[in-house]
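J.: Dropping in input-v9.pdb, with PDB, C-alpha atoms and all ligand atoms.
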ATOM      1  CA  MET A   1     -36.124 -89.975 -35.893  1.00  0.00           C
ATOM      2  CA  GLU A   2     -38.986 -87.968 -37.392  1.00  0.00           C
ATOM      3  CA  PHE A   3     -41.906 -88.329 -34.946  1.00  0.00           C
ATOM      4  CA  LEU A   4     -42.078 -86.844 -31.432  1.00  0.00           C
ATOM      5  CA  PRO A   5     -44.024 -88.930 -28.896  1.00  0.00           C
ATOM      6  CA  ILE A   6     -46.398 -86.492 -27.175  1.00  0.00           C
ATOM      7  CA  SER A   7     -49.765 -86.784 -25.425  1.00  0.00           C
ATOM      8  CA  ILE A   8     -52.470 -84.626 -27.005  1.00  0.00           C
ATOM      9  CA  ARG A   9     -55.798 -83.640 -25.451  1.00  0.00           C
ATOM     10  CA  ILE A  10     -58.459 -84.865 -27.867  1.00  0.00           C
ATOM     11  CA  ASN A  11     -61.639 -84.853 -25.810  1.00  0.00           C
ATOM     12  CA  ASN A  12     -62.406 -81.204 -26.597  1.00  0.00           C
ATOM     13  CA  GLN A  13     -62.953 -81.503 -30.360  1.00  0.00           C
ATOM     14  CA  PRO A  14     -64.304 -84.214 -32.693  1.00  0.00           C
ATOM     15  CA  ILE A  15     -61.858 -86.241 -34.764  1.00  0.00           C
ATOM     16  CA  LEU A  16     -62.455 -86.342 -38.520  1.00  0.00           C
ATOM     17  CA  ILE A  17     -62.061 -89.639 -40.391  1.00  0.00           C
ATOM     18  CA  ILE A  18     -62.258 -89.659 -44.182  1.00  0.00           C
ATOM     19  CA  GLY A  19     -63.074 -93.183 -45.409  1.00  0.00           C
ATOM     20  CA  GLY A  20     -65.384 -95.590 -43.621  1.00  0.00           C
ATOM     21  CA  GLY A  21     -63.883 -99.046 -44.183  1.00  0.00           C
ATOM     22  CA  ASN A  22     -61.807-101.513 -42.169  1.00  0.00           C
ATOM     23  CA  VAL A  23     -58.983 -99.136 -41.298  1.00  0.00           C
ATOM     24  CA  ALA A  24     -61.442 -96.425 -40.183  1.00  0.00           C
ATOM     25  CA  LEU A  25     -63.181 -98.960 -37.923  1.00  0.00           C
ATOM     26  CA  HIS A  26     -59.855-100.112 -36.466  1.00  0.00           C
ATOM     27  CA  LYS A  27     -58.822 -96.516 -35.703  1.00  0.00           C
ATOM     28  CA  ILE A  28     -62.165 -95.637 -34.074  1.00  0.00           C
ATOM     29  CA  VAL A  29     -62.059 -98.730 -31.833  1.00  0.00           C
ATOM     30  CA  LEU A  30     -58.575 -97.741 -30.601  1.00  0.00           C
ATOM     31  CA  LEU A  31     -59.435 -94.025 -30.253  1.00  0.00           C
ATOM     32  CA  LYS A  32     -62.598 -94.780 -28.260  1.00  0.00           C
ATOM     33  CA  ARG A  33     -60.381 -95.236 -25.193  1.00  0.00           C
ATOM     34  CA  PHE A  34     -59.599 -91.505 -25.350  1.00  0.00           C
ATOM     35  CA  THR A  35     -62.566 -89.710 -26.929  1.00  0.00           C
ATOM     36  CA  ASN A  36     -66.173 -90.224 -27.823  1.00  0.00           C
ATOM     37  CA  SER A  37     -66.601 -87.768 -30.663  1.00  0.00           C
ATOM     38  CA  PHE A  38     -65.979 -88.585 -34.326  1.00  0.00           C
ATOM     39  CA  ARG A  39     -67.186 -87.506 -37.741  1.00  0.00           C
ATOM     40  CA  VAL A  40     -66.841 -90.077 -40.532  1.00  0.00           C
ATOM     41  CA  ILE A  41     -67.193 -89.119 -44.194  1.00  0.00           C
ATOM     42  CA  ALA A  42     -67.335 -91.701 -47.025  1.00  0.00           C
ATOM     43  CA  PRO A  43     -69.783 -92.891 -49.669  1.00  0.00           C
ATOM     44  CA  ASP A  44     -69.794 -96.423 -48.173  1.00  0.00           C
ATOM     45  CA  ILE A  45     -69.532 -96.689 -44.410  1.00  0.00           C
ATOM     46  CA  LEU A  46     -69.390-100.043 -42.613  1.00  0.00           C
ATOM     47  CA  PRO A  47     -72.521-100.783 -40.531  1.00  0.00           C
ATOM     48  CA  GLU A  48     -70.242-101.503 -37.522  1.00  0.00           C
ATOM     49  CA  ILE A  49     -69.014 -97.883 -37.692  1.00  0.00           C
ATOM     50  CA  LYS A  50     -72.513 -96.432 -37.940  1.00  0.00           C
ATOM     51  CA  GLN A  51     -73.512 -98.282 -34.766  1.00  0.00           C
ATOM     52  CA  ILE A  52     -70.736 -96.830 -32.611  1.00  0.00           C
ATOM     53  CA  GLN A  53     -71.975 -94.320 -30.049  1.00  0.00           C
ATOM     54  CA  GLY A  54     -70.271 -90.949 -30.604  1.00  0.00           C
ATOM     55  CA  VAL A  55     -69.901 -91.388 -34.369  1.00  0.00           C
ATOM     56  CA  GLU A  56     -71.621 -88.818 -36.548  1.00  0.00           C
ATOM     57  CA  TYR A  57     -71.443 -89.986 -40.155  1.00  0.00           C
ATOM     58  CA  VAL A  58     -72.093 -88.427 -43.559  1.00  0.00           C
ATOM     59  CA  GLU A  59     -72.421 -90.758 -46.560  1.00  0.00           C
ATOM     60  CA  LYS A  60     -70.868 -88.805 -49.410  1.00  0.00           C
ATOM     61  CA  VAL A  61     -67.561 -88.403 -51.243  1.00  0.00           C
ATOM     62  CA  TYR A  62     -64.901 -86.154 -49.712  1.00  0.00           C
ATOM     63  CA  GLU A  63     -64.940 -82.425 -50.489  1.00  0.00           C
ATOM     64  CA  PRO A  64     -62.309 -79.939 -49.218  1.00  0.00           C
ATOM     65  CA  ASP A  65     -64.871 -78.025 -47.110  1.00  0.00           C
ATOM     66  CA  ASP A  66     -65.301 -81.183 -44.999  1.00  0.00           C
ATOM     67  CA  LEU A  67     -62.001 -80.376 -43.278  1.00  0.00           C
ATOM     68  CA  LYS A  68     -63.040 -77.027 -41.845  1.00  0.00           C
ATOM     69  CA  GLY A  69     -63.084 -76.871 -38.048  1.00  0.00           C
ATOM     70  CA  PHE A  70     -61.142 -80.091 -37.405  1.00  0.00           C
ATOM     71  CA  ARG A  71     -57.660 -80.437 -35.946  1.00  0.00           C
ATOM     72  CA  LEU A  72     -56.871 -84.167 -36.136  1.00  0.00           C
ATOM     73  CA  VAL A  73     -57.709 -85.908 -39.409  1.00  0.00           C
ATOM     74  CA  TYR A  74     -57.318 -89.610 -40.233  1.00  0.00           C
ATOM     75  CA  ILE A  75     -57.297 -90.249 -43.996  1.00  0.00           C
ATOM     76  CA  THR A  76     -58.257 -93.842 -44.750  1.00  0.00           C
ATOM     77  CA  THR A  77     -59.751 -94.089 -48.233  1.00  0.00           C
ATOM     78  CA  ASP A  78     -58.611 -96.937 -50.490  1.00  0.00           C
ATOM     79  CA  LYS A  79     -57.331 -94.468 -53.126  1.00  0.00           C
ATOM     80  CA  THR A  80     -53.674 -93.510 -52.698  1.00  0.00           C
ATOM     81  CA  ASP A  81     -53.757 -90.383 -54.889  1.00  0.00           C
ATOM     82  CA  LEU A  82     -56.917 -89.115 -53.204  1.00  0.00           C
ATOM     83  CA  ASN A  83     -55.388 -89.695 -49.759  1.00  0.00           C
ATOM     84  CA  GLN A  84     -52.393 -87.593 -50.765  1.00  0.00           C
ATOM     85  CA  GLN A  85     -54.659 -84.847 -52.130  1.00  0.00           C
ATOM     86  CA  ILE A  86     -56.758 -84.754 -48.932  1.00  0.00           C
ATOM     87  CA  ALA A  87     -53.534 -84.581 -46.885  1.00  0.00           C
ATOM     88  CA  ASP A  88     -52.367 -81.567 -48.911  1.00  0.00           C
ATOM     89  CA  HIS A  89     -55.711 -79.763 -48.395  1.00  0.00           C
ATOM     90  CA  ALA A  90     -55.742 -80.551 -44.663  1.00  0.00           C
ATOM     91  CA  LYS A  91     -52.155 -79.409 -44.099  1.00  0.00           C
ATOM     92  CA  ALA A  92     -52.913 -76.118 -45.888  1.00  0.00           C
ATOM     93  CA  LEU A  93     -55.687 -75.550 -43.315  1.00  0.00           C
ATOM     94  CA  GLY A  94     -53.346 -76.351 -40.422  1.00  0.00           C
ATOM     95  CA  CYS A  95     -54.859 -79.743 -39.535  1.00  0.00           C
ATOM     96  CA  LEU A  96     -52.600 -82.599 -38.364  1.00  0.00           C
ATOM     97  CA  VAL A  97     -53.052 -85.643 -40.600  1.00  0.00           C
ATOM     98  CA  ASN A  98     -52.506 -89.381 -40.404  1.00  0.00           C
ATOM     99  CA  VAL A  99     -52.487 -91.039 -43.839  1.00  0.00           C
ATOM    100  CA  ALA A 100     -53.232 -94.755 -43.481  1.00  0.00           C
ATOM    101  CA  ASP A 101     -51.290 -95.894 -46.530  1.00  0.00           C
ATOM    102  CA  ASN A 102     -48.406 -93.414 -46.338  1.00  0.00           C
ATOM    103  CA  PRO A 103     -46.502 -92.651 -43.124  1.00  0.00           C
ATOM    104  CA  SER A 104     -44.107 -90.401 -45.076  1.00  0.00           C
ATOM    105  CA  CYS A 105     -46.851 -87.815 -45.689  1.00  0.00           C
ATOM    106  CA  SER A 106     -48.380 -88.155 -42.195  1.00  0.00           C
ATOM    107  CA  ASP A 107     -47.948 -85.423 -39.560  1.00  0.00           C
ATOM    108  CA  PHE A 108     -48.446 -88.035 -36.841  1.00  0.00           C
ATOM    109  CA  VAL A 109     -48.432 -91.831 -36.560  1.00  0.00           C
ATOM    110  CA  SER A 110     -50.204 -93.941 -33.973  1.00  0.00           C
ATOM    111  CA  PRO A 111     -48.157 -95.950 -31.488  1.00  0.00           C
ATOM    112  CA  ALA A 112     -49.121 -99.340 -30.059  1.00  0.00           C
ATOM    113  CA  ILE A 113     -50.732 -98.429 -26.730  1.00  0.00           C
ATOM    114  CA  TYR A 114     -51.297-100.140 -23.382  1.00  0.00           C
ATOM    115  CA  VAL A 115     -53.509 -98.301 -20.912  1.00  0.00           C
ATOM    116  CA  ASP A 116     -53.737 -99.010 -17.178  1.00  0.00           C
ATOM    117  CA  ARG A 117     -55.972 -96.412 -15.480  1.00  0.00           C
ATOM    118  CA  HIS A 118     -54.159 -93.068 -15.934  1.00  0.00           C
ATOM    119  CA  MET A 119     -50.864 -94.696 -17.013  1.00  0.00           C
ATOM    120  CA  THR A 120     -50.100 -95.293 -20.679  1.00  0.00           C
ATOM    121  CA  VAL A 121     -47.313 -97.134 -22.456  1.00  0.00           C
ATOM    122  CA  ALA A 122     -46.993 -96.081 -26.104  1.00  0.00           C
ATOM    123  CA  VAL A 123     -44.510 -97.881 -28.357  1.00  0.00           C
ATOM    124  CA  GLY A 124     -43.568 -96.555 -31.786  1.00  0.00           C
ATOM    125  CA  SER A 125     -40.992 -97.349 -34.451  1.00  0.00           C
ATOM    126  CA  ASP A 126     -40.957 -93.882 -36.037  1.00  0.00           C
ATOM    127  CA  GLY A 127     -43.476 -95.263 -38.520  1.00  0.00           C
ATOM    128  CA  LYS A 128     -41.085 -97.933 -39.794  1.00  0.00           C
ATOM    129  CA  ASP A 129     -42.026-101.297 -38.261  1.00  0.00           C
ATOM    130  CA  VAL A 130     -45.498-101.500 -36.762  1.00  0.00           C
ATOM    131  CA  LEU A 131     -45.289-105.213 -36.031  1.00  0.00           C
ATOM    132  CA  ALA A 132     -42.150-104.641 -33.894  1.00  0.00           C
ATOM    133  CA  SER A 133     -44.062-101.923 -31.986  1.00  0.00           C
ATOM    134  CA  VAL A 134     -46.975-104.260 -31.309  1.00  0.00           C
ATOM    135  CA  LYS A 135     -44.604-107.051 -30.191  1.00  0.00           C
ATOM    136  CA  LEU A 136     -42.740-104.805 -27.727  1.00  0.00           C
ATOM    137  CA  ARG A 137     -46.017-103.335 -26.395  1.00  0.00           C
ATOM    138  CA  ASP A 138     -47.319-106.866 -25.771  1.00  0.00           C
ATOM    139  CA  LYS A 139     -44.094-107.863 -23.952  1.00  0.00           C
ATOM    140  CA  LEU A 140     -44.278-104.749 -21.742  1.00  0.00           C
ATOM    141  CA  LYS A 141     -47.955-105.387 -21.052  1.00  0.00           C
ATOM    142  CA  LEU A 142     -47.169-108.943 -19.928  1.00  0.00           C
ATOM    143  CA  TRP A 143     -44.229-107.799 -17.782  1.00  0.00           C
ATOM    144  CA  LEU A 144     -46.289-105.028 -16.145  1.00  0.00           C
ATOM    145  CA  SER A 145     -49.155-107.370 -15.373  1.00  0.00           C
ATOM    146  CA  GLU A 146     -46.741-109.820 -13.703  1.00  0.00           C
ATOM    147  CA  ASN A 147     -44.758-107.229 -11.682  1.00  0.00           C
TER
HETATM  148  C1  LIG B   1     -49.817 -99.650 -33.573  1.00  0.00           C
HETATM  149  C2  LIG B   1     -51.022 -99.456 -34.484  1.00  0.00           C
HETATM  150  C3  LIG B   1     -51.859 -98.347 -33.852  1.00  0.00           C
HETATM  151  C4  LIG B   1     -53.029 -97.847 -34.654  1.00  0.00           C
HETATM  152  O1  LIG B   1     -53.369 -98.329 -35.727  1.00  0.00           O
HETATM  153  O2  LIG B   1     -53.670 -96.919 -34.117  1.00  0.00           O
HETATM  154  C5  LIG B   1     -50.521 -99.174 -35.885  1.00  0.00           C
HETATM  155  N1  LIG B   1     -50.846-100.173 -36.715  1.00  0.00           N
HETATM  156  C6  LIG B   1     -51.520-101.160 -36.063  1.00  0.00           C
HETATM  157  C7  LIG B   1     -51.852-102.411 -36.603  1.00  0.00           C
HETATM  158  C8  LIG B   1     -51.518-102.925 -37.900  1.00  0.00           C
HETATM  159  N2  LIG B   1     -51.171-102.187 -38.967  1.00  0.00           N
HETATM  160  C9  LIG B   1     -50.946-103.041 -40.037  1.00  0.00           C
HETATM  161  C10 LIG B   1     -51.219-104.363 -39.630  1.00  0.00           C
HETATM  162  C11 LIG B   1     -51.185-105.603 -40.539  1.00  0.00           C
HETATM  163  C12 LIG B   1     -49.762-106.117 -40.570  1.00  0.00           C
HETATM  164  C13 LIG B   1     -49.618-107.421 -41.323  1.00  0.00           C
HETATM  165  O3  LIG B   1     -50.365-108.355 -41.023  1.00  0.00           O
HETATM  166  O4  LIG B   1     -48.727-107.459 -42.182  1.00  0.00           O
HETATM  167  C14 LIG B   1     -51.515-104.297 -38.256  1.00  0.00           C
HETATM  168  C15 LIG B   1     -51.744-105.436 -37.327  1.00  0.00           C
HETATM  169  C16 LIG B   1     -53.166-105.604 -36.921  1.00  0.00           C
HETATM  170  O5  LIG B   1     -54.087-105.056 -37.542  1.00  0.00           O
HETATM  171  O6  LIG B   1     -53.349-106.366 -35.962  1.00  0.00           O
HETATM  172  C17 LIG B   1     -50.511-102.691 -41.396  1.00  0.00           C
HETATM  173  C18 LIG B   1     -49.895-101.378 -41.679  1.00  0.00           C
HETATM  174  N3  LIG B   1     -49.714-100.361 -40.793  1.00  0.00           N
HETATM  175  C19 LIG B   1     -49.154 -99.310 -41.465  1.00  0.00           C
HETATM  176  C20 LIG B   1     -49.007 -99.651 -42.821  1.00  0.00           C
HETATM  177  C21 LIG B   1     -48.508 -98.698 -43.910  1.00  0.00           C
HETATM  178  C22 LIG B   1     -47.020 -98.611 -43.962  1.00  0.00           C
HETATM  179  O7  LIG B   1     -46.278 -99.085 -43.067  1.00  0.00           O
HETATM  180  O8  LIG B   1     -46.592 -98.043 -44.979  1.00  0.00           O
HETATM  181  C23 LIG B   1     -49.437-100.985 -42.934  1.00  0.00           C
HETATM  182  C24 LIG B   1     -49.392-101.875 -44.150  1.00  0.00           C
HETATM  183  C25 LIG B   1     -50.645-101.679 -44.988  1.00  0.00           C
HETATM  184  C26 LIG B   1     -50.598-102.453 -46.256  1.00  0.00           C
HETATM  185  O9  LIG B   1     -49.522-102.545 -46.869  1.00  0.00           O
HETATM  186  O10 LIG B   1     -51.653-102.936 -46.639  1.00  0.00           O
HETATM  187  C27 LIG B   1     -48.780 -98.048 -40.916  1.00  0.00           C
HETATM  188  C28 LIG B   1     -48.858 -97.643 -39.598  1.00  0.00           C
HETATM  189  N4  LIG B   1     -49.383 -98.397 -38.579  1.00  0.00           N
HETATM  190  C29 LIG B   1     -49.133 -97.731 -37.426  1.00  0.00           C
HETATM  191  C30 LIG B   1     -49.724 -98.069 -36.217  1.00  0.00           C
HETATM  192  C31 LIG B   1     -48.217 -96.572 -37.616  1.00  0.00           C
HETATM  193  C32 LIG B   1     -46.761 -96.928 -37.273  1.00  0.00           C
HETATM  194  C33 LIG B   1     -46.509 -97.122 -35.770  1.00  0.00           C
HETATM  195  C34 LIG B   1     -45.079 -97.264 -35.460  1.00  0.00           C
HETATM  196  O11 LIG B   1     -44.363 -96.236 -35.434  1.00  0.00           O
HETATM  197  O12 LIG B   1     -44.608 -98.390 -35.204  1.00  0.00           O
HETATM  198  C35 LIG B   1     -48.361 -96.318 -39.125  1.00  0.00           C
HETATM  199  C36 LIG B   1     -47.096 -95.859 -39.812  1.00  0.00           C
HETATM  200  C37 LIG B   1     -49.352 -95.238 -39.448  1.00  0.00           C
HETATM  201  C38 LIG B   1     -50.559 -95.154 -38.611  1.00  0.00           C
HETATM  202  O13 LIG B   1     -51.511 -95.862 -38.939  1.00  0.00           O
HETATM  203  O14 LIG B   1     -50.515 -94.355 -37.675  1.00  0.00           O
HETATM  204  C39 LIG B   1     -51.878-100.744 -34.690  1.00  0.00           C
HETATM  205  C40 LIG B   1     -51.754-101.838 -33.606  1.00  0.00           C
HETATM  206  C41 LIG B   1     -52.846-101.594 -32.582  1.00  0.00           C
HETATM  207  C42 LIG B   1     -52.795-102.462 -31.387  1.00  0.00           C
HETATM  208  O15 LIG B   1     -52.507-103.670 -31.436  1.00  0.00           O
HETATM  209  O16 LIG B   1     -53.117-101.898 -30.325  1.00  0.00           O
HETATM  210  N1  LIG B   2     -52.302 -97.918 -41.431  1.00  0.00           N
HETATM  211  C1  LIG B   2     -52.725 -99.169 -41.363  1.00  0.00           C
HETATM  212  O1  LIG B   2     -52.659 -99.743 -40.275  1.00  0.00           O
HETATM  213  C2  LIG B   2     -53.274 -99.879 -42.575  1.00  0.00           C
HETATM  214  C3  LIG B   2     -53.636-101.222 -42.472  1.00  0.00           C
HETATM  215  C4  LIG B   2     -54.217-101.843 -43.573  1.00  0.00           C
HETATM  216  C5  LIG B   2     -54.446-101.091 -44.743  1.00  0.00           C
HETATM  217  N2  LIG B   2     -54.074 -99.802 -44.844  1.00  0.00           N
HETATM  218  C6  LIG B   2     -54.366 -98.959 -46.047  1.00  0.00           C
HETATM  219  O2  LIG B   2     -55.527 -98.132 -45.714  1.00  0.00           O
HETATM  220  C7  LIG B   2     -56.366 -97.913 -46.855  1.00  0.00           C
HETATM  221  C8  LIG B   2     -57.816 -98.242 -46.557  1.00  0.00           C
HETATM  222  O3  LIG B   2     -57.974 -99.624 -46.294  1.00  0.00           O
HETATM  223  P1  LIG B   2     -59.400-100.218 -45.865  1.00  0.00           P
HETATM  224  O4  LIG B   2     -59.162-101.667 -45.625  1.00  0.00           O
HETATM  225  O5  LIG B   2     -60.034 -99.400 -44.797  1.00  0.00           O
HETATM  226  O6  LIG B   2     -60.267-100.023 -47.221  1.00  0.00           O
HETATM  227  P2  LIG B   2     -61.845-100.231 -47.423  1.00  0.00           P
HETATM  228  O7  LIG B   2     -62.026-100.630 -48.843  1.00  0.00           O
HETATM  229  O8  LIG B   2     -62.396-101.082 -46.322  1.00  0.00           O
HETATM  230  O9  LIG B   2     -62.451 -98.760 -47.205  1.00  0.00           O
HETATM  231  C9  LIG B   2     -62.212 -97.705 -48.075  1.00  0.00           C
HETATM  232  C10 LIG B   2     -63.141 -96.555 -47.704  1.00  0.00           C
HETATM  233  O10 LIG B   2     -62.788 -95.408 -48.488  1.00  0.00           O
HETATM  234  C11 LIG B   2     -63.991 -94.773 -48.853  1.00  0.00           C
HETATM  235  N3  LIG B   2     -63.822 -93.885 -50.012  1.00  0.00           N
HETATM  236  C12 LIG B   2     -63.539 -94.202 -51.295  1.00  0.00           C
HETATM  237  N4  LIG B   2     -63.552 -93.099 -52.068  1.00  0.00           N
HETATM  238  C13 LIG B   2     -63.832 -92.049 -51.260  1.00  0.00           C
HETATM  239  C14 LIG B   2     -64.004 -90.637 -51.451  1.00  0.00           C
HETATM  240  N5  LIG B   2     -63.895 -90.072 -52.689  1.00  0.00           N
HETATM  241  N6  LIG B   2     -64.303 -89.861 -50.377  1.00  0.00           N
HETATM  242  C15 LIG B   2     -64.440 -90.405 -49.141  1.00  0.00           C
HETATM  243  N7  LIG B   2     -64.283 -91.737 -48.896  1.00  0.00           N
HETATM  244  C16 LIG B   2     -64.001 -92.540 -49.940  1.00  0.00           C
HETATM  245  C17 LIG B   2     -64.937 -95.924 -49.171  1.00  0.00           C
HETATM  246  O11 LIG B   2     -66.302 -95.495 -49.215  1.00  0.00           O
HETATM  247  C18 LIG B   2     -64.633 -96.828 -47.978  1.00  0.00           C
HETATM  248  O12 LIG B   2     -65.413 -96.436 -46.861  1.00  0.00           O
HETATM  249  C19 LIG B   2     -55.738 -98.762 -47.966  1.00  0.00           C
HETATM  250  O13 LIG B   2     -54.979 -97.868 -48.767  1.00  0.00           O
HETATM  251  C20 LIG B   2     -54.815 -99.750 -47.249  1.00  0.00           C
HETATM  252  O14 LIG B   2     -53.678-100.066 -48.023  1.00  0.00           O
HETATM  253  C21 LIG B   2     -53.479 -99.185 -43.762  1.00  0.00           C
END
Once more with this new file: its structure as C-alpha cells, please.
T.:
Amino acid sequence: MEFLPISIRINNQPILIIGGGNVALHKIVLLKRFTNSFRVIAPDILPEIKQIQGVEYVEKVYEPDDLKGFRLVYITTDKTDLNQQIADHAKALGCLVNVADNPSCSDFVSPAIYVDRHMTVAVGSDGKDVLASVKLRDKLKLWLSEN
C-alpha cells in the first residue's frame, strides 16, 4: 500500500485547481461537500465551473508563481508532460498534489465517498482500481441505508 487514508481539514484555505475542464468540474462538485473555496487557473474554463459559488477563476495558462500560498493542488490539464512539470514545481514548494492522469506521481488520491451527516465512508484501492472503489462504496451506501 502507498496511500494513507486520513481526514484533512480543508475549510481553512482555498484549494487550487490547474485546468478547467471536465475533470476539474467533477472534482469541484465532489469537494463542494467539504469546502467552498477554490481557485481555478486555465486558459479555457467551462461555464459550469465559472458559475459555482466559491470558485475564483483566472483565465490564463499556468505559471509556477500560481502555486504560491496553496497547500492542496489538483492538476487536471489535458497535457501529460505539463501535468508532471506542475507536480514537480508544486512538490518543491511543499504542496500536496493530485495529478488526474497519473496516480503514481500524486501525493494523494481521492477515495469514493459516502457522507451521512458527520459520518463518512471513504473507499480507496490505493489508486489502482477506481471502479472497484465506487462499486464497494455504492454497496456500503445501500447496506447502511437499509440497516
Ligand atoms: C472515487 C473518485 C473520487 C474523485 O474523483 O474525487 C475517483 N475517480 C472517480 C470517478 C472516475 N474516474 C474515472 C472514471 C471513468 C471510468 C471509466 O468509465 O472507465 C470514473 C467514473 C465516473 O466518472 O463516474 C477514470 C479514471 N480515474 C483515474 C484515472 C487515471 C488512472 O487510473 O491512471 C482514470 C482513467 C482516465 C483515463 O484513462 O482517461 C484515477 C483516479 N480516480 C480516483 C478517484 C483515484 C483512485 C481512487 C482509488 O484509490 O480507488 C485516482 C487514482 C486519482 C484521483 O483522481 O484521485 C471518483 C468517483 C466519485 C464518486 O462516484 O463519488
Ligand atoms: N482522475 C480521473 O478521474 C480522470 C478521469 C478522466 C480523465 N482524466 C485525465 O484528466 C485530464 C483532463 O481531462 P479533462 O476531461 O478535464 O480535459 P479537458 O480537455 O476537459 O480540460 C483540459 C483543461 O486543461 C486546461 N489547460 C490546457 N493547457 C493549460 C495550461 N498551459 N495551463 C493551465 N491549464 C491548461 C484547458 O484550458 C482545459 O481547461 C486528461 O489527461 C484525462 O486523461 C482523469
J.: Here's a test: counting only C-alpha atoms, identify every protein, DNA and RNA residue with an atom at most 12 Å from (-56.8, -81.1, -48.8) in the file's coordinate frame, and state them as a ChimeraX atom specification.
T.: /A:18,62-68,73,75,81-97,99
J.: When the PyMOL selection byres (((chain A and resi 14) around 8) and not hetatm) is applied to the structure above, which residues does it catch, written out as a PDB file with C-alpha atoms, in the frame of the given file?
T.:
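Saved the output as part-v7.pdb:
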ATOM      1  CA  ILE A  10     -58.459 -84.865 -27.867  1.00  0.00           C
ATOM      2  CA  ASN A  11     -61.639 -84.853 -25.810  1.00  0.00           C
ATOM      3  CA  ASN A  12     -62.406 -81.204 -26.597  1.00  0.00           C
ATOM      4  CA  GLN A  13     -62.953 -81.503 -30.360  1.00  0.00           C
ATOM      5  CA  ILE A  15     -61.858 -86.241 -34.764  1.00  0.00           C
ATOM      6  CA  LEU A  16     -62.455 -86.342 -38.520  1.00  0.00           C
ATOM      7  CA  ASN A  36     -66.173 -90.224 -27.823  1.00  0.00           C
ATOM      8  CA  SER A  37     -66.601 -87.768 -30.663  1.00  0.00           C
ATOM      9  CA  PHE A  38     -65.979 -88.585 -34.326  1.00  0.00           C
ATOM     10  CA  ARG A  39     -67.186 -87.506 -37.741  1.00  0.00           C
ATOM     11  CA  PHE A  70     -61.142 -80.091 -37.405  1.00  0.00           C
TER      12      PHE A  70
END
J.: On this structure, the PyMOL selection byres (((not hetatm)) within 9 of (chain B and resi 2)) would catch which residues? List them as a ChimeraX atom specification, sorted by chain and number.
T.: /A:18-27,40-46,59-63,75-80,82-83,98-103,109-110,130
J.: What would the list of residues within 9 Å of (-42.7, -93.5, -39.1) (file frame) look like as a list in words, if all atoms listed in the file are what count?
T.: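 Result, sorted by chain then residue number: Met1, Glu2, Phe3, Pro103, Ser104, Ser106, Phe108, Val109, Gly124, Ser125, Asp126, Gly127, Lys128, Asp129 and Val130 of chain A.
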J.: Please report, as JSON, the centre and edge lengths in Å to one decimal of an axis-aligned box covering all listed atoms of region 117-128 of chain A with 3 Å per side.
T.:
{"center_x": -48.5, "center_y": -95.5, "center_z": -27.6, "size_x": 21.0, "size_y": 10.9, "size_z": 30.3}
J.: Pull out every residue that the PyMOL selection byres (((chain A and resi 116) around 12) and not hetatm) matches in the shown coordinates and put them as an NGL selection string.
T.: :A and (33 or 113-115 or 117-122 or 140-141 or 144-145)
J.: Mind pulling up the distance from atom C12 of ligand LIG 1 (chain B) to CA of Gly54 (chain A)?
T.: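 Going from CA of Gly54 (chain A) over to atom C12 of ligand LIG 1 (chain B) covers 27.4 Å.
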